[in-house]
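A.B. asks: Pasting entry_6.csv below, which is CSV, C-alpha atoms.
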chain,number,residue,atom,x,y,z
G,1,THR,CA,51.8,167.6,182.1
G,2,LEU,CA,50.0,170.6,183.7
G,3,SER,CA,49.6,173.7,181.5
G,4,VAL,CA,48.2,177.0,182.8
G,5,HIS,CA,47.7,179.4,179.9
G,6,SER,CA,45.3,181.9,178.3
G,7,GLU,CA,42.5,180.0,176.6
G,8,GLN,CA,42.6,182.3,173.6
G,9,ALA,CA,46.4,182.5,173.2
G,10,PHE,CA,48.4,181.3,170.2
G,11,PRO,CA,48.4,178.6,169.1
G,12,LEU,CA,44.7,178.3,168.8
G,13,ARG,CA,45.0,174.5,168.6
G,14,LYS,CA,47.2,173.5,171.5
G,15,SER,CA,48.8,170.2,172.2
G,16,ALA,CA,46.8,168.4,174.8
G,17,SER,CA,48.3,168.1,178.3
G,18,SER,CA,47.3,165.7,181.0
G,19,MET,CA,45.7,168.8,182.6
G,20,ASP,CA,45.0,172.0,180.7
G,21,ILE,CA,43.9,175.1,182.6
G,22,GLY,CA,42.7,177.6,180.0
G,23,LEU,CA,42.1,181.0,181.7
G,24,PRO,CA,40.2,184.0,180.4
G,25,THR,CA,42.1,186.8,178.8
G,26,GLY,CA,43.4,189.3,181.4
G,27,THR,CA,43.3,186.8,184.3
G,28,GLY,CA,45.3,188.4,187.2
G,29,ASP,CA,47.4,187.2,190.1
G,30,ASP,CA,44.7,186.0,192.5
G,31,GLU,CA,42.7,184.0,190.0
G,32,TYR,CA,45.8,182.5,188.4
G,33,MET,CA,47.2,181.4,191.8
G,34,ALA,CA,43.9,179.9,192.9
G,35,SER,CA,43.8,177.8,189.8
G,36,LEU,CA,47.4,176.8,190.1
G,37,ARG,CA,47.2,176.0,193.8
G,38,GLU,CA,44.2,173.8,193.4
G,39,ARG,CA,45.5,171.8,190.4
G,40,LEU,CA,49.1,171.5,191.4
G,41,LEU,CA,48.5,170.3,194.9
G,42,GLY,CA,46.1,167.7,193.5
G,43,ILE,CA,48.7,166.5,191.1
G,44,PHE,CA,51.3,166.2,193.8
G,45,GLU,CA,48.8,164.1,195.9
G,46,ASP,CA,47.4,161.9,193.1
G,47,PHE,CA,50.4,161.5,190.7
G,48,ARG,CA,53.4,161.9,193.1
G,49,PRO,CA,56.0,162.8,190.5
G,50,ASP,CA,59.7,161.8,190.9
G,51,PHE,CA,60.9,164.9,189.1
G,52,VAL,CA,59.4,168.2,188.0
G,53,PHE,CA,60.4,170.1,184.9
G,54,TYR,CA,59.2,173.7,185.4
G,55,ASP,CA,58.8,176.1,182.5
G,56,ALA,CA,58.6,179.5,184.1
G,57,GLY,CA,57.0,181.4,181.2
G,58,VAL,CA,56.8,185.2,181.5
G,59,ASP,CA,54.6,186.1,178.6
G,60,CYS,CA,51.7,186.0,181.0
G,61,PHE,CA,53.0,189.3,182.5
G,62,GLU,CA,50.4,192.1,182.2
G,63,ASN,CA,52.5,194.4,180.1
G,64,ASP,CA,54.2,191.7,177.9
G,65,GLY,CA,54.6,192.5,174.3
G,66,VAL,CA,52.6,189.4,173.4
G,67,LYS,CA,49.5,191.7,173.7
G,68,SER,CA,50.5,193.4,170.4
G,69,PHE,CA,50.2,190.2,168.3
G,70,CYS,CA,48.1,187.7,170.3
G,71,ARG,CA,44.4,188.1,171.1
G,72,GLY,CA,44.7,186.1,174.3
G,73,HIS,CA,47.0,187.1,177.2
G,74,LEU,CA,47.1,186.9,181.0
G,75,GLY,CA,47.6,189.8,183.4
G,76,LEU,CA,50.1,188.7,186.0
G,77,THR,CA,52.1,191.4,187.8
G,78,LEU,CA,55.8,191.1,188.6
G,79,ALA,CA,54.8,190.2,192.2
G,80,GLY,CA,52.5,187.5,190.7
G,81,LEU,CA,55.3,186.0,188.6
G,82,ARG,CA,57.4,185.8,191.8
G,83,GLN,CA,54.6,184.4,193.8
G,84,ARG,CA,53.9,181.7,191.2
G,85,ASP,CA,57.6,180.7,191.0
G,86,GLU,CA,58.0,180.6,194.8
G,87,PHE,CA,54.8,178.5,195.2
G,88,VAL,CA,55.9,175.9,192.6
G,89,LEU,CA,59.5,175.7,193.9
G,90,ARG,CA,58.5,175.6,197.6
G,91,GLU,CA,55.9,172.9,197.0
G,92,CYS,CA,58.5,170.8,195.1
G,93,THR,CA,61.2,171.3,197.8
G,94,LYS,CA,58.8,170.6,200.6
G,95,ARG,CA,58.0,167.2,199.1
G,96,GLY,CA,61.7,166.5,198.3
G,97,ILE,CA,61.0,166.5,194.6
G,98,PRO,CA,63.9,167.6,192.4
G,99,VAL,CA,63.0,170.4,190.0
G,100,ALA,CA,64.7,171.7,186.9
G,101,THR,CA,63.6,175.2,185.8
G,102,VAL,CA,63.8,176.9,182.4
G,103,ILE,CA,62.7,180.3,181.3
G,104,GLY,CA,60.1,180.7,178.6
G,105,GLY,CA,58.2,183.3,176.6
G,106,GLY,CA,58.4,187.0,177.2
G,107,TYR,CA,58.4,189.7,174.6
G,108,ALA,CA,59.5,193.3,174.8
G,109,PRO,CA,56.7,195.7,173.8
G,110,ARG,CA,57.4,197.9,170.7
G,111,GLY,CA,60.0,200.4,171.8
G,112,GLY,CA,60.4,198.5,175.0
G,113,SER,CA,63.6,197.1,176.7
G,114,HIS,CA,65.0,193.6,176.2
G,115,GLU,CA,66.6,194.1,179.6
G,116,GLU,CA,63.1,194.3,181.2
G,117,VAL,CA,62.3,190.9,179.6
G,118,ALA,CA,65.6,189.6,180.9
G,119,ALA,CA,64.8,190.8,184.4
G,120,ARG,CA,61.5,188.9,184.2
G,121,HIS,CA,63.4,185.8,183.1
G,122,ALA,CA,65.7,186.2,186.1
G,123,ILE,CA,62.8,186.0,188.6
G,124,VAL,CA,62.7,182.2,188.7
G,125,HIS,CA,66.4,182.0,189.3
G,126,GLU,CA,66.3,184.6,192.1
G,127,VAL,CA,63.4,182.7,193.7
G,128,ALA,CA,65.3,179.4,193.4
G,129,ALA,CA,68.3,180.9,195.0
G,130,ASP,CA,66.2,181.9,198.0
G,131,VAL,CA,64.0,178.7,198.2
G,132,ILE,CA,66.1,175.7,197.3
G,133,GLN,CA,68.7,174.4,199.7
G,134,PRO,CA,70.9,171.6,198.2
G,135,ALA,CA,70.5,169.4,201.3
G,136,GLU,CA,66.7,169.7,201.0
G,137,VAL,CA,66.5,168.3,197.5
G,138,GLY,CA,66.3,164.5,197.5
G,139,LEU,CA,67.0,162.6,194.3
G,140,PRO,CA,65.1,159.5,193.2
G,141,PRO,CA,67.3,156.5,192.4
G,142,LEU,CA,67.0,157.1,188.7
G,143,LEU,CA,68.7,160.5,189.1
G,144,ASP,CA,71.1,159.6,191.8
G,145,GLY,CA,74.4,161.5,191.3
G,146,LEU,CA,72.8,164.2,189.2
G,147,VAL,CA,72.3,167.8,190.4
G,148,PRO,CA,68.9,169.4,189.6
G,149,THR,CA,69.2,172.6,187.6
G,150,ALA,CA,67.7,174.8,190.3
G,151,VAL,CA,70.4,173.8,192.8
G,152,LEU,CA,73.0,175.3,190.4
G,153,VAL,CA,71.7,178.8,191.2
G,154,ARG,CA,72.3,178.5,194.9
G,155,GLN,CA,75.4,180.5,194.6
G,156,PRO,CA,75.0,184.2,195.7
G,157,VAL,CA,72.9,186.0,193.2
G,158,ASP,CA,73.9,189.6,192.1
G,159,ARG,CA,70.4,191.2,192.1
G,160,GLY,CA,71.7,193.9,189.8
G,161,ALA,CA,72.9,191.5,187.1
G,162,ARG,CA,71.0,190.8,184.0
G,163,CYS,CA,70.5,187.3,182.7
G,164,ALA,CA,72.6,186.2,179.8
G,165,CYS,CA,69.7,186.3,177.4
G,166,ALA,CA,69.7,190.1,177.5
G,167,ALA,CA,72.7,190.4,175.3
G,168,ALA,CA,71.4,187.8,172.9
G,169,CYS,CA,68.0,189.4,172.7
G,170,ALA,CA,69.5,192.8,172.1
G,171,GLU,CA,71.3,191.4,169.1
G,172,ILE,CA,68.2,190.1,167.4
Translate the structure described by the file into structure tokens.
C.D. replies:
Amino acid sequence: TLSVHSEQAFPLRKSASSMDIGLPTGTGDDEYMASLRERLLGIFEDFRPDFVFYDAGVDCFENDGVKSFCRGHLGLTLAGLRQRDEFVLRECTKRGIPVATVIGGGYAPRGGSHEEVAARHAIVHEVAADVIQPAEVGLPPLLDGLVPTAVLVRQPVDRGARCACAAACAEI
């Protein structure tokens, strides 16, 4: 497991991953991407995974509401979130590694919009629709016959649509 997170973020005692990258509060796009590139490419070379489960958390966004209740937070921009997702998905696809993506984190600031959080959640799906071509995704024998989650979003994406979680978040 590779985890890239704010060193000071909740929970203070984190579950140990195979590789933890704890970044300083406020870390921006360039520093985040440099750490991710170095570690992820090393993992691909050394470990050679058969499958990647990618949690595309968005509470690392610079204006995420997490800042109001958590002392540690990162400072990625919307462009940085997109760059991160594109890098991970392109590297998996380039190597023929199936990848399943899920959304994670993301909080509306006080008085903020849940639709804005939903738009951040949609970034990974938009990127997947642009990056992953079904014919490029090879499946290891263990997963033969299954379709990776990311391939399911290859249908045309309505860029103006909100993800389904917007309605659920608005009801909370």
A.B. asks: Suppose you want the space between atom CA of G:Met19 and atom CA of G:His121; what is it in Å?
C.D. replies: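 Separation between atom CA of G:Met19 and atom CA of G:His121: 24.5 Å.
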A.B. asks: Work out how far atom CA of G:Ser68 is from atom CA of G:Gly80, in Å to one decimal.
C.D. replies: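 Atom-to-atom, atom CA of G:Gly80 and atom CA of G:Ser68 are spaced 21.2 Å apart.
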A.B. asks: Have a look at atom CA of G:Arg82 and atom CA of G:Arg48 and let me know their distance in Å, one decimal.
C.D. replies: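 Computing it gives 24.3 Å between the two atoms.
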A.B. asks: Please write as a PyMOL selection string the list of polymer residues whose atoms come within 7 Å of (58.0, 191.2, 171.2), counting all atoms listed in the file and keeping to the coordinates of the file.
C.D. replies: chain G and resi 65-66+107-110
A.B. asks: Tell me which of G:Pro24, G:Asp64, G:Glu31, G:Leu78 sits closest to G:Ser113, counting all atoms listed in the file.
C.D. replies: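 Of all the options, G:Asp64 lies closest to G:Ser113.
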A.B. asks: Between G:Arg13, G:His5, G:Arg39, G:Arg95, which has the minimum distance to G:Leu76 (counting all atoms listed in the file)?
C.D. replies: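 Closest to G:Leu76 of all the choices is G:His5.
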A.B. asks: Considering all atoms listed in the file, state which residue in the set G:Gly42, G:Gly22, G:Gly104, G:Gly112 is at the smallest distance from G:Gln8.
C.D. replies: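 Closest residue, counting all atoms listed in the file: G:Gly22.
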A.B. asks: Using all atoms listed in the file, which of the listed residues (G:Ala56, G:Gln83, G:Gly105, G:Pro98) sits closest to G:Val124?
C.D. replies: G:Ala56
A.B. asks: Which of these, G:Gly72, G:Asp85, G:Gly111, G:Val102, has the shortest distance to G:Val127 once you count all atoms listed in the file?
C.D. replies: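 Result for the nearest residue to G:Val127: G:Asp85.
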A.B. asks: Counting all atoms listed in the file, find the residues whose atoms lie at most 10 Å from (53.3, 168.5, 179.6) (file coordinates) and write them out as a list of chain:residue names.
C.D. replies: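 The residues near that point, listed by chain and number, are G:Thr1, G:Leu2, G:Ser3, G:Ser15, G:Ala16, G:Ser17, G:Ser18, G:Met19, G:Asp20, G:Phe53, G:Tyr54, G:Asp55.
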A.B. asks: Counting all atoms listed in the file, figure out which residue out of G:Glu62, G:Thr27, G:Phe87, G:Glu126 gets nearest to G:Leu41.
C.D. replies: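 Among G:Glu62, G:Thr27, G:Phe87, G:Glu126, it is G:Phe87 that comes nearest to G:Leu41.
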